[in-house]
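Colleague: Input file: data-v8.cif. Contents: mmCIF, C-alpha atoms.
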data_work
#
loop_
_atom_site.label_atom_id
_atom_site.label_comp_id
_atom_site.auth_asym_id
_atom_site.auth_seq_id
_atom_site.Cartn_x
_atom_site.Cartn_y
_atom_site.Cartn_z
CA MET A 269 9.25 78.30 69.84
CA GLY A 270 10.08 77.65 66.19
CA ALA A 271 13.35 78.68 64.59
CA ARG A 272 11.53 81.23 62.42
CA HIS A 273 9.86 82.81 65.44
CA GLU A 274 13.25 82.94 67.19
CA GLU A 275 14.88 84.57 64.16
CA ARG A 276 12.13 87.21 63.99
CA ARG A 277 12.47 87.89 67.69
CA ARG A 278 16.24 88.32 67.36
CA GLN A 279 15.81 90.62 64.36
CA ILE A 280 13.42 92.91 66.25
CA ALA A 281 15.56 92.90 69.39
CA GLU A 282 18.69 93.86 67.44
CA ALA A 283 16.80 96.68 65.72
CA LEU A 284 15.55 97.94 69.06
CA LEU A 285 19.04 97.87 70.61
CA ALA A 286 20.49 99.68 67.61
CA ILE A 287 17.93 102.50 67.85
CA ILE A 288 18.26 102.90 71.61
CA ASP A 289 22.02 102.98 71.22
CA ARG A 290 21.83 105.71 68.57
CA HIS A 291 19.10 107.93 70.00
CA GLY A 292 18.49 106.90 73.59
CA LEU A 293 15.36 105.43 75.01
CA ASP A 294 13.16 108.52 75.09
CA ALA A 295 13.05 108.82 71.32
CA VAL A 296 12.14 105.23 70.39
CA SER A 297 8.70 104.37 69.02
CA LEU A 298 7.29 100.98 68.03
CA ARG A 299 7.09 102.31 64.46
CA ASP A 300 10.84 103.11 64.47
CA VAL A 301 11.64 99.58 65.58
CA ALA A 302 9.45 98.10 62.82
CA ALA A 303 11.18 100.28 60.20
CA GLU A 304 14.68 99.43 61.45
CA ALA A 305 13.91 95.69 61.59
CA GLU A 306 12.14 95.88 58.20
CA VAL A 307 9.03 94.17 59.53
CA SER A 308 5.42 95.30 59.95
CA LEU A 309 4.19 97.23 62.98
CA GLY A 310 1.96 94.23 63.75
CA ALA A 311 5.00 91.96 63.91
CA VAL A 312 6.60 94.27 66.46
CA GLN A 313 3.40 94.47 68.49
CA HIS A 314 3.45 90.69 68.76
CA TYR A 315 6.43 91.15 71.10
CA PHE A 316 5.58 94.42 72.88
CA ARG A 317 2.69 96.89 72.83
CA SER A 318 3.98 99.67 75.09
CA LYS A 319 7.24 101.33 75.95
CA ASP A 320 7.51 99.43 79.24
CA GLU A 321 6.94 96.12 77.44
CA MET A 322 9.54 97.16 74.87
CA LEU A 323 12.04 97.78 77.64
CA LEU A 324 11.24 94.42 79.27
CA PHE A 325 11.77 92.74 75.92
CA ALA A 326 15.14 94.47 75.44
CA LEU A 327 16.23 93.66 78.98
CA ASP A 328 15.32 89.98 78.64
CA TYR A 329 17.21 89.83 75.37
CA ILE A 330 20.39 91.36 76.77
CA SER A 331 20.18 89.15 79.88
CA GLU A 332 20.06 86.13 77.59
CA ARG A 333 23.05 87.37 75.62
CA GLY A 334 25.00 87.88 78.84
CA THR A 335 24.11 84.40 80.07
CA GLU A 336 25.18 82.95 76.71
CA ARG A 337 28.55 84.71 76.90
CA ILE A 338 29.13 83.30 80.39
CA GLN A 339 28.10 79.82 79.25
CA ARG A 340 30.47 80.01 76.28
CA ASN A 341 33.29 80.69 78.76
CA LEU A 342 32.14 77.74 80.84
CA GLY A 343 32.27 75.51 77.79
CA GLN A 344 36.02 76.12 77.42
CA GLY A 345 37.28 73.37 79.69
CA GLU A 346 37.12 73.19 83.47
CA ARG A 347 36.66 76.68 84.83
CA PRO A 348 37.20 77.18 88.58
CA PRO A 349 34.31 78.82 90.49
CA ARG A 350 36.23 81.98 91.33
CA ALA A 351 36.89 82.59 87.63
CA ILE A 352 33.17 82.21 86.93
CA VAL A 353 32.41 84.77 89.66
CA ARG A 354 34.82 87.10 87.91
CA ASP A 355 33.20 86.42 84.49
CA ILE A 356 29.78 87.32 85.86
CA LEU A 357 30.97 90.49 87.58
CA ALA A 358 32.88 91.56 84.47
CA GLU A 359 29.59 91.38 82.53
CA LEU A 360 28.49 94.41 84.54
CA VAL A 361 31.42 96.51 83.30
CA PRO A 362 31.01 97.86 79.74
CA ALA A 363 34.35 96.77 78.29
CA ASP A 364 33.24 96.61 74.62
CA ASP A 365 30.63 98.24 72.36
CA GLN A 366 28.08 95.45 72.71
CA ARG A 367 28.17 95.43 76.50
CA ARG A 368 28.19 99.22 76.51
CA ALA A 369 24.97 99.31 74.49
CA GLU A 370 23.45 96.69 76.78
CA LEU A 371 24.36 98.53 79.96
CA ARG A 372 22.99 101.81 78.60
CA ILE A 373 19.67 100.03 78.24
CA ALA A 374 19.94 98.50 81.69
CA THR A 375 20.54 102.00 83.11
CA ALA A 376 17.52 103.41 81.27
CA PHE A 377 15.54 100.50 82.66
CA THR A 378 16.72 101.22 86.21
CA ALA A 379 15.78 104.90 85.92
CA ARG A 380 12.35 104.03 84.55
CA SER A 381 11.71 101.33 87.15
CA LEU A 382 11.86 104.04 89.84
CA VAL A 383 8.49 105.31 88.62
CA SER A 384 7.09 102.00 87.33
CA PRO A 385 6.39 99.34 90.03
CA ASN A 386 5.90 96.67 87.37
CA LEU A 387 9.37 97.19 85.93
CA ALA A 388 10.84 97.43 89.44
CA ASP A 389 9.47 93.96 90.30
CA HIS A 390 11.02 92.52 87.17
CA LEU A 391 14.34 94.16 87.96
CA ARG A 392 14.40 92.96 91.58
CA THR A 393 13.74 89.37 90.49
CA GLY A 394 16.74 89.52 88.15
CA TYR A 395 18.97 91.09 90.81
CA ALA A 396 17.98 88.49 93.41
CA ALA A 397 18.73 85.66 90.95
CA LEU A 398 22.16 87.11 90.12
CA HIS A 399 22.95 87.55 93.81
CA ASP A 400 22.01 83.90 94.51
CA VAL A 401 24.23 82.63 91.69
CA LEU A 402 27.16 84.65 93.02
CA ALA A 403 26.65 83.41 96.60
CA LEU A 404 26.45 79.80 95.37
CA LEU A 405 29.64 80.14 93.32
CA ILE A 406 31.42 81.71 96.29
CA ARG A 407 30.45 78.64 98.35
CA HIS A 408 31.89 76.43 95.58
CA ALA A 409 35.06 78.58 95.56
CA GLN A 410 35.33 78.10 99.33
CA ASP A 411 34.88 74.33 98.97
CA ALA A 412 37.59 74.35 96.29
CA GLY A 413 39.94 76.29 98.60
CA GLU A 414 39.96 79.32 96.30
CA MET A 415 38.37 81.63 98.85
CA PRO A 416 38.71 81.63 102.66
CA ALA A 417 36.04 79.60 104.49
CA ALA A 418 35.70 82.44 107.02
CA LEU A 419 34.03 84.73 104.46
CA ASP A 420 30.27 84.98 104.63
CA PRO A 421 29.12 83.97 101.11
CA GLU A 422 25.96 86.13 101.15
CA ARG A 423 27.78 89.22 102.38
CA THR A 424 30.69 88.64 100.01
CA ALA A 425 28.32 88.22 97.06
CA ALA A 426 26.44 91.40 98.01
CA THR A 427 29.67 93.41 98.24
CA LEU A 428 31.07 92.12 94.95
CA PHE A 429 27.76 92.70 93.16
CA ALA A 430 27.50 96.29 94.44
CA LEU A 431 31.14 97.00 93.60
CA ALA A 432 30.74 95.71 90.03
CA GLU A 433 27.45 97.60 89.64
CA GLY A 434 29.09 100.86 90.76
CA LEU A 435 32.13 100.28 88.53
CA GLY A 436 29.78 99.67 85.61
CA THR A 437 28.07 103.00 86.22
CA HIS A 438 31.42 104.77 86.55
CA VAL A 439 32.64 103.36 83.23
CA LEU A 440 29.35 104.10 81.51
CA ILE A 441 29.42 107.79 82.38
CA GLY A 442 33.12 108.02 81.51
CA HIS A 443 34.40 108.53 85.05
CA ARG A 444 36.68 105.50 84.71
CA ASP A 445 37.97 103.36 81.84
CA PRO A 446 37.04 99.66 81.56
CA GLN A 447 40.58 98.42 82.21
CA GLY A 448 40.84 100.48 85.39
CA ALA A 449 37.47 99.19 86.57
CA LEU A 450 38.41 95.55 85.94
CA ALA A 451 41.73 96.09 87.76
CA ILE A 452 39.80 97.35 90.82
CA LEU A 453 37.54 94.31 90.66
CA ASP A 454 40.50 91.94 90.41
CA GLU A 455 42.31 93.66 93.25
CA HIS A 456 39.23 93.29 95.42
CA LEU A 457 38.94 89.58 94.55
CA ASP A 458 42.63 89.07 95.34
CA ARG A 459 42.21 90.88 98.64
CA LEU A 460 39.26 88.65 99.53
CA ALA A 461 41.27 85.54 98.69
CA ALA A 462 44.06 86.80 101.00
CA THR A 463 41.65 87.41 103.91
CA ALA A 464 42.71 85.36 106.92
CA ARG A 465 39.65 85.96 109.07
CA MET B 219 23.05 136.61 95.19
CA GLY B 220 20.45 138.36 97.35
CA ALA B 221 18.47 136.55 100.06
CA ARG B 222 15.27 136.99 98.05
CA HIS B 223 16.82 135.44 94.96
CA GLU B 224 18.10 132.55 97.07
CA GLU B 225 14.66 131.99 98.61
CA ARG B 226 13.01 131.97 95.17
CA ARG B 227 15.61 129.53 93.89
CA ARG B 228 15.03 127.23 96.86
CA GLN B 229 11.25 127.41 96.39
CA ILE B 230 11.48 126.41 92.72
CA ALA B 231 14.00 123.65 93.43
CA GLU B 232 11.80 122.13 96.16
CA ALA B 233 8.79 122.21 93.83
CA LEU B 234 10.79 120.51 91.11
CA LEU B 235 12.03 117.78 93.46
CA ALA B 236 8.49 117.19 94.75
CA ILE B 237 7.09 116.74 91.23
CA ILE B 238 9.91 114.48 90.06
CA ASP B 239 9.47 112.39 93.20
CA ARG B 240 5.73 111.99 92.60
CA HIS B 241 5.65 111.47 88.83
CA GLY B 242 9.17 110.75 87.65
CA LEU B 243 11.25 112.86 85.36
CA ASP B 244 9.55 112.11 82.07
CA ALA B 245 6.30 113.79 83.06
CA VAL B 246 7.68 117.10 84.37
CA SER B 247 7.13 120.34 82.43
CA LEU B 248 8.34 123.86 83.27
CA ARG B 249 4.68 124.83 83.64
CA ASP B 250 4.13 122.11 86.28
CA VAL B 251 7.07 123.41 88.27
CA ALA B 252 5.75 126.99 88.11
CA ALA B 253 2.32 125.83 89.32
CA GLU B 254 3.75 123.73 92.16
CA ALA B 255 6.07 126.55 93.30
CA GLU B 256 3.25 129.11 92.89
CA VAL B 257 5.40 131.39 90.76
CA SER B 258 5.14 132.57 87.14
CA LEU B 259 6.51 130.55 84.22
CA GLY B 260 8.91 133.45 83.62
CA ALA B 261 10.31 133.07 87.13
CA VAL B 262 11.01 129.39 86.48
CA GLN B 263 12.59 130.15 83.10
CA HIS B 264 15.01 132.45 84.88
CA TYR B 265 16.59 129.28 86.30
CA PHE B 266 16.12 126.79 83.45
CA ARG B 267 14.69 126.88 79.94
CA SER B 268 14.87 123.23 78.91
CA LYS B 269 14.55 119.82 80.47
CA ASP B 270 18.31 119.32 80.51
CA GLU B 271 18.81 122.69 82.23
CA MET B 272 16.07 121.73 84.71
CA LEU B 273 17.91 118.54 85.52
CA LEU B 274 21.20 120.39 85.93
CA PHE B 275 19.46 122.82 88.27
CA ALA B 276 18.00 119.96 90.35
CA LEU B 277 21.33 118.14 90.46
CA ASP B 278 23.22 121.24 91.60
CA TYR B 279 20.63 121.82 94.28
CA ILE B 280 20.79 118.28 95.67
CA SER B 281 24.62 118.35 95.53
CA GLU B 282 24.53 121.52 97.65
CA ARG B 283 22.14 119.91 100.13
CA GLY B 284 24.41 116.87 100.42
CA THR B 285 27.46 119.07 100.96
CA GLU B 286 25.57 121.04 103.63
CA ARG B 287 24.63 117.82 105.46
CA ILE B 288 28.27 116.72 105.47
CA GLN B 289 29.39 120.15 106.69
CA ARG B 290 26.83 120.07 109.50
CA ASN B 291 28.38 116.79 110.65
CA LEU B 292 31.83 118.37 110.45
CA GLY B 293 30.65 121.24 112.64
CA GLN B 294 29.90 118.82 115.50
CA GLY B 295 33.35 118.80 117.11
CA GLU B 296 36.52 117.17 115.83
CA ARG B 297 35.62 114.53 113.30
CA PRO B 298 38.35 112.08 112.25
CA PRO B 299 38.99 111.77 108.49
CA ARG B 300 37.80 108.17 108.24
CA ALA B 301 34.43 109.18 109.72
CA ILE B 302 34.15 111.94 107.09
CA VAL B 303 34.88 109.40 104.35
CA ARG B 304 32.06 107.31 105.77
CA ASP B 305 29.71 110.34 105.90
CA ILE B 306 30.35 111.09 102.24
CA LEU B 307 29.89 107.49 101.10
CA ALA B 308 26.69 107.17 103.16
CA GLU B 309 25.28 110.15 101.22
CA LEU B 310 25.18 107.84 98.19
CA VAL B 311 22.90 105.35 99.97
CA PRO B 312 19.23 106.42 100.15
CA ALA B 313 18.61 105.88 103.87
CA ASP B 314 15.76 108.39 104.26
CA ASP B 315 13.02 109.94 102.11
CA GLN B 316 14.97 113.08 101.28
CA ARG B 317 18.05 111.22 100.12
CA ARG B 318 15.86 108.72 98.30
CA ALA B 319 14.23 111.52 96.30
CA GLU B 320 17.64 113.01 95.57
CA LEU B 321 19.13 109.75 94.38
CA ARG B 322 16.15 109.06 92.13
CA ILE B 323 16.94 112.32 90.41
CA ALA B 324 20.64 111.51 90.24
CA THR B 325 19.73 108.18 88.57
CA ALA B 326 17.47 109.92 86.05
CA PHE B 327 20.33 112.31 85.38
CA THR B 328 22.77 109.42 84.81
CA ALA B 329 20.40 107.71 82.37
CA ARG B 330 19.86 110.95 80.47
CA SER B 331 23.55 111.81 80.41
CA LEU B 332 24.15 108.68 78.33
CA VAL B 333 22.46 110.40 75.38
CA SER B 334 23.38 114.00 76.25
CA PRO B 335 27.13 114.84 76.09
CA ASN B 336 26.53 118.17 77.86
CA LEU B 337 25.01 116.48 80.90
CA ALA B 338 27.70 113.79 80.81
CA ASP B 339 30.44 116.45 81.08
CA HIS B 340 28.73 117.99 84.08
CA LEU B 341 28.35 114.60 85.72
CA ARG B 342 31.98 113.63 85.15
CA THR B 343 33.19 116.87 86.71
CA GLY B 344 31.15 116.15 89.84
CA TYR B 345 32.36 112.54 90.01
CA ALA B 346 36.01 113.57 89.61
CA ALA B 347 35.64 116.16 92.39
CA LEU B 348 34.07 113.61 94.73
CA HIS B 349 36.80 111.09 93.96
CA ASP B 350 39.49 113.69 94.73
CA VAL B 351 37.91 114.60 98.07
CA LEU B 352 37.77 110.91 99.04
CA ALA B 353 41.41 110.31 98.04
CA LEU B 354 42.51 113.39 100.03
CA LEU B 355 40.59 112.28 103.13
CA ILE B 356 42.07 108.79 102.84
CA ARG B 357 45.55 110.37 102.86
CA HIS B 358 44.55 112.30 106.00
CA ALA B 359 43.23 109.06 107.55
CA GLN B 360 46.56 107.41 106.75
CA ASP B 361 48.47 110.31 108.33
CA ALA B 362 46.24 110.00 111.40
CA GLY B 363 46.96 106.25 111.61
CA GLU B 364 43.31 105.37 110.92
CA MET B 365 44.07 103.57 107.68
CA PRO B 366 47.15 101.52 106.70
CA ALA B 367 49.87 103.53 104.92
CA ALA B 368 50.29 100.66 102.44
CA LEU B 369 46.89 101.34 100.81
CA ASP B 370 46.96 103.31 97.58
CA PRO B 371 44.71 106.33 98.29
CA GLU B 372 43.53 106.74 94.67
CA ARG B 373 42.70 103.05 94.26
CA THR B 374 41.05 102.89 97.68
CA ALA B 375 38.95 105.97 96.92
CA ALA B 376 37.89 104.53 93.55
CA THR B 377 36.87 101.21 95.14
CA LEU B 378 34.91 102.83 97.98
CA PHE B 379 33.19 105.24 95.59
CA ALA B 380 32.13 102.42 93.24
CA LEU B 381 30.96 100.23 96.12
CA ALA B 382 28.83 103.04 97.59
CA GLU B 383 27.47 103.90 94.14
CA GLY B 384 26.44 100.29 93.54
CA LEU B 385 24.92 99.95 97.02
CA GLY B 386 22.94 103.13 96.37
CA THR B 387 21.52 101.65 93.17
CA HIS B 388 20.71 98.38 94.92
CA VAL B 389 18.81 100.19 97.69
CA LEU B 390 17.04 102.47 95.22
CA ILE B 391 15.60 99.59 93.22
CA GLY B 392 14.68 97.71 96.41
CA HIS B 393 17.24 94.92 96.02
CA ARG B 394 18.68 95.74 99.46
CA ASP B 395 17.58 97.76 102.48
CA PRO B 396 19.53 100.86 103.59
CA GLN B 397 20.72 99.28 106.86
CA GLY B 398 22.11 96.26 105.03
CA ALA B 399 23.87 98.51 102.52
CA LEU B 400 25.47 100.65 105.24
CA ALA B 401 26.57 97.48 107.08
CA ILE B 402 28.36 96.31 103.90
CA LEU B 403 30.04 99.70 103.59
CA ASP B 404 31.17 99.63 107.23
CA GLU B 405 32.45 96.09 106.94
CA HIS B 406 34.47 97.09 103.89
CA LEU B 407 35.93 100.10 105.73
CA ASP B 408 36.82 97.89 108.71
CA ARG B 409 38.44 95.35 106.42
CA LEU B 410 40.52 98.11 104.80
CA ALA B 411 41.64 99.37 108.22
CA ALA B 412 42.71 95.82 109.10
CA THR B 413 44.74 95.41 105.90
CA ALA B 414 48.36 94.68 106.74
CA ARG B 415 49.80 95.10 103.24
#
Any chance you could put this one into structure tokens?

Modeller:
Amino acid sequence: MGARHEERRRQIAEALLAIIDRHGLDAVSLRDVAAEAEVSLGAVQHYFRSKDEMLLFALDYISERGTERIQRNLGQGERPPRAIVRDILAELVPADDQRRAELRIATAFTARSLVSPNLADHLRTGYAALHDVLALLIRHAQDAGEMPAALDPERTAATLFALAEGLGTHVLIGHRDPQGALAILDEHLDRLAATAR
Amino acid sequence: MGARHEERRRQIAEALLAIIDRHGLDAVSLRDVAAEAEVSLGAVQHYFRSKDEMLLFALDYISERGTERIQRNLGQGERPPRAIVRDILAELVPADDQRRAELRIATAFTARSLVSPNLADHLRTGYAALHDVLALLIRHAQDAGEMPAALDPERTAATLFALAEGLGTHVLIGHRDPQGALAILDEHLDRLAATAR
């Protein structure tokens, strides 16, 4: 993809996120996105032609942004595997406005995927990939002596993923604040590290 | 409320749940609900006049059903507090068709509450109440020697609630099966009981 194509794609994605953040997903039309991004309707339709495609586009974009944030952290010197696990899990907790907007979209996507098999497939693929990365990093953390060898990496990854997912939902609806949620996550990680079994 | 009023309310709620389960929330109109319940539009409007009110009505109804299921369990002899904690958390995991339908609606409600402050308030009240019940039961479990006294009841309740919430989402989207999710929950409860600190 050329740089110009990439820039156009970014421009449309940012416009879409801004509208969803202001008005929610129900109210967004392709025309609105074109107006907000100051491009033609045809330019928008190059990227998505329906609401489901629009949502897929937004989800892919925010996944990329999340991955980039994690990779930026990785770039800052040697980062131990357990810290990377924590970085990834913390991405699921809306601790700032950008992540909050992203997780609102992810929640809309989840709700919609319950009545759209196509979206559900896409979602499951992403979840399975995230689970596998977590399980792999937990194995690295065990090899590095940061986590007890007795822990089952798959089970531990599944538990951490579900905990972070639930904390994300609780912060998003205002049941808990981001700092409290991250403290719960850290306590759970510490408790795992202290497990003797 | 009279028995007849209660029966009518139940009839409309069941119709609403059936339609949402078949077609998702976006597609439901008050007219559809009236047709499915075989009552007049006026009868439906007695209970809700807008989509948000409809969702509130459905959520209240499924909360009541969940509470009734838990109370039925309680009625079966002496039930230790830790088992009640487990009953409540398991309600958040869609292990059968009824619960699955209920949790789909709860997810739609969550997504919608992100753009509707009125719904968000309602949701937060319910979440806070559930958290308080869990924290209270954990204190009882500690008094009964079922859980270590060193655990902070509030923190433990918050962690268990978030874990069950996340597991529920993971089952709902098909990332995990219900048995696997309940096994993770039970393992976490066992691990808590074994905590020495």

Colleague: Rank A:Met322, A:Ala363, A:Val301, A:Ala295 by their smallest atom-to-atom distance to Arg330 (chain B), using all atoms listed in the file, and report the top residue only.

Modeller: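 Among A:Met322, A:Ala363, A:Val301, A:Ala295, it is A:Ala295 that comes nearest to Arg330 (chain B).
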
Colleague: Could you list the residues chosen by the PyMOL selection byres ((chain B) within 6 of (chain A)) in this structure as a short mmCIF file (atom, residue, chain, number, x, y, z; two decimals) with C-alpha atoms, keeping the file's coordinate frame?

Modeller:
data_model
loop_
_atom_site.label_atom_id
_atom_site.label_comp_id
_atom_site.auth_asym_id
_atom_site.auth_seq_id
_atom_site.Cartn_x
_atom_site.Cartn_y
_atom_site.Cartn_z
CA GLY B 242 9.17 110.75 87.65
CA THR B 325 19.73 108.18 88.57
CA ALA B 326 17.47 109.92 86.05
CA ALA B 329 20.40 107.71 82.37
CA VAL B 333 22.46 110.40 75.38
CA ARG B 342 31.98 113.63 85.15
CA ALA B 380 32.13 102.42 93.24
CA LEU B 381 30.96 100.23 96.12
CA GLU B 383 27.47 103.90 94.14
CA GLY B 384 26.44 100.29 93.54
CA LEU B 385 24.92 99.95 97.02
CA HIS B 393 17.24 94.92 96.02
#

Colleague: Find the distance between CA of Tyr315 (chain A) and CA of Leu285 (chain A) and write it in Å to one decimal.

Modeller: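 About the pair CA of Tyr315 (chain A) and CA of Leu285 (chain A): they are 14.3 Å apart.
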
Colleague: Using only C-alpha atoms, which protein or nucleic acid residues come within 12 Å of Arg278 (chain A)? Drop anything in the same chain fewer than 4 positions from it, and give the result as number ranges by chain.

Modeller: A: 271-274, 282-285, 305, 312, 315, 325-326, 328-330, 332-333

Colleague: Would you list the contacts of region 358-360 of chain B as a PDB file with C-alpha atoms, in the frame of the given file, taking every protein, DNA or RNA residue within 12 Å and counting only C-alpha atoms, but skipping same-chain residues closer than 3 positions in sequence?

Modeller:
ATOM      1  CA  ARG B 297      35.620 114.530 113.300  1.00  0.00           C
ATOM      2  CA  PRO B 298      38.350 112.080 112.250  1.00  0.00           C
ATOM      3  CA  PRO B 299      38.990 111.770 108.490  1.00  0.00           C
ATOM      4  CA  ARG B 300      37.800 108.170 108.240  1.00  0.00           C
ATOM      5  CA  ALA B 301      34.430 109.180 109.720  1.00  0.00           C
ATOM      6  CA  ILE B 302      34.150 111.940 107.090  1.00  0.00           C
ATOM      7  CA  VAL B 303      34.880 109.400 104.350  1.00  0.00           C
ATOM      8  CA  ARG B 304      32.060 107.310 105.770  1.00  0.00           C
ATOM      9  CA  VAL B 351      37.910 114.600  98.070  1.00  0.00           C
ATOM     10  CA  LEU B 352      37.770 110.910  99.040  1.00  0.00           C
ATOM     11  CA  ALA B 353      41.410 110.310  98.040  1.00  0.00           C
ATOM     12  CA  LEU B 354      42.510 113.390 100.030  1.00  0.00           C
ATOM     13  CA  LEU B 355      40.590 112.280 103.130  1.00  0.00           C
ATOM     14  CA  GLY B 363      46.960 106.250 111.610  1.00  0.00           C
ATOM     15  CA  GLU B 364      43.310 105.370 110.920  1.00  0.00           C
ATOM     16  CA  MET B 365      44.070 103.570 107.680  1.00  0.00           C
ATOM     17  CA  PRO B 366      47.150 101.520 106.700  1.00  0.00           C
ATOM     18  CA  ALA B 367      49.870 103.530 104.920  1.00  0.00           C
ATOM     19  CA  ALA B 368      50.290 100.660 102.440  1.00  0.00           C
ATOM     20  CA  LEU B 369      46.890 101.340 100.810  1.00  0.00           C
ATOM     21  CA  ASP B 370      46.960 103.310  97.580  1.00  0.00           C
ATOM     22  CA  PRO B 371      44.710 106.330  98.290  1.00  0.00           C
ATOM     23  CA  THR B 374      41.050 102.890  97.680  1.00  0.00           C
ATOM     24  CA  ALA B 375      38.950 105.970  96.920  1.00  0.00           C
ATOM     25  CA  LEU B 407      35.930 100.100 105.730  1.00  0.00           C
ATOM     26  CA  LEU B 410      40.520  98.110 104.800  1.00  0.00           C
ATOM     27  CA  ALA B 411      41.640  99.370 108.220  1.00  0.00           C
TER      28      ALA B 411
END

Colleague: Quick one, how far is CA of Leu309 (chain A) from CA of Gln279 (chain A)?

Modeller: 13.4 Å

Colleague: What is the distance, in Å and to one decimal place, between CA of Gln313 (chain A) and CA of Leu298 (chain A)?

Modeller: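 Between these atoms lies a distance of 7.6 Å.
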
Colleague: Just checking: using all atoms listed in the file, which residue out of A:Gly270, A:Ala397, A:Asn386, A:Ser318 ends up closest to Ser331 (chain A)?

Modeller: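 The shortest atom-to-atom distance to Ser331 (chain A) comes from A:Ala397.
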
Colleague: Do you know which residues are at most 9 Å from Lys269 (chain B) counting only C-alpha atoms, after dropping those on the same chain fewer than 5 positions away, and could you put them as an mmCIF file with C-alpha atoms, keeping the file's coordinate frame?

Modeller:
data_model
loop_
_atom_site.group_PDB
_atom_site.id
_atom_site.type_symbol
_atom_site.label_atom_id
_atom_site.label_comp_id
_atom_site.auth_asym_id
_atom_site.auth_seq_id
_atom_site.Cartn_x
_atom_site.Cartn_y
_atom_site.Cartn_z
ATOM 1 C CA VAL B 246 7.680 117.100 84.370
ATOM 2 C CA SER B 247 7.130 120.340 82.430
ATOM 3 C CA LEU B 248 8.340 123.860 83.270
ATOM 4 C CA LEU B 274 21.200 120.390 85.930
#

Colleague: Using all atoms listed in the file for the distances, tell me which of B:Val389, B:Ala261, B:Ile356, B:Ala231 is nearest to Val311 (chain B).

Modeller: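 For Val311 (chain B), the nearest of the candidates is B:Val389.
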
Colleague: Considering only C-alpha atoms, can you say which of B:Ile230, B:Leu277, B:Ile237, B:Ile306 comes closest to Leu321 (chain B)?

Modeller: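 Looking only at the distances to Leu321 (chain B), the closest residue turns out to be B:Leu277.
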
Colleague: Which one of A:Ala302, A:Pro446, A:Phe316, A:Leu323 sits closest to Glu359 (chain A) if you count all atoms listed in the file?

Modeller: A:Pro446

Colleague: Can you tell me, as AutoDock Vina command-line options, the centre and edge lengths (Å, one decimal) of the axis-aligned box enclosing all of region 405-423 of chain A's listed atoms after padding each side by 4 Å?

Modeller:
--center_x 33.0 --center_y 81.8 --center_z 100.2 --size_x 22.0 --size_y 22.9 --size_z 21.7
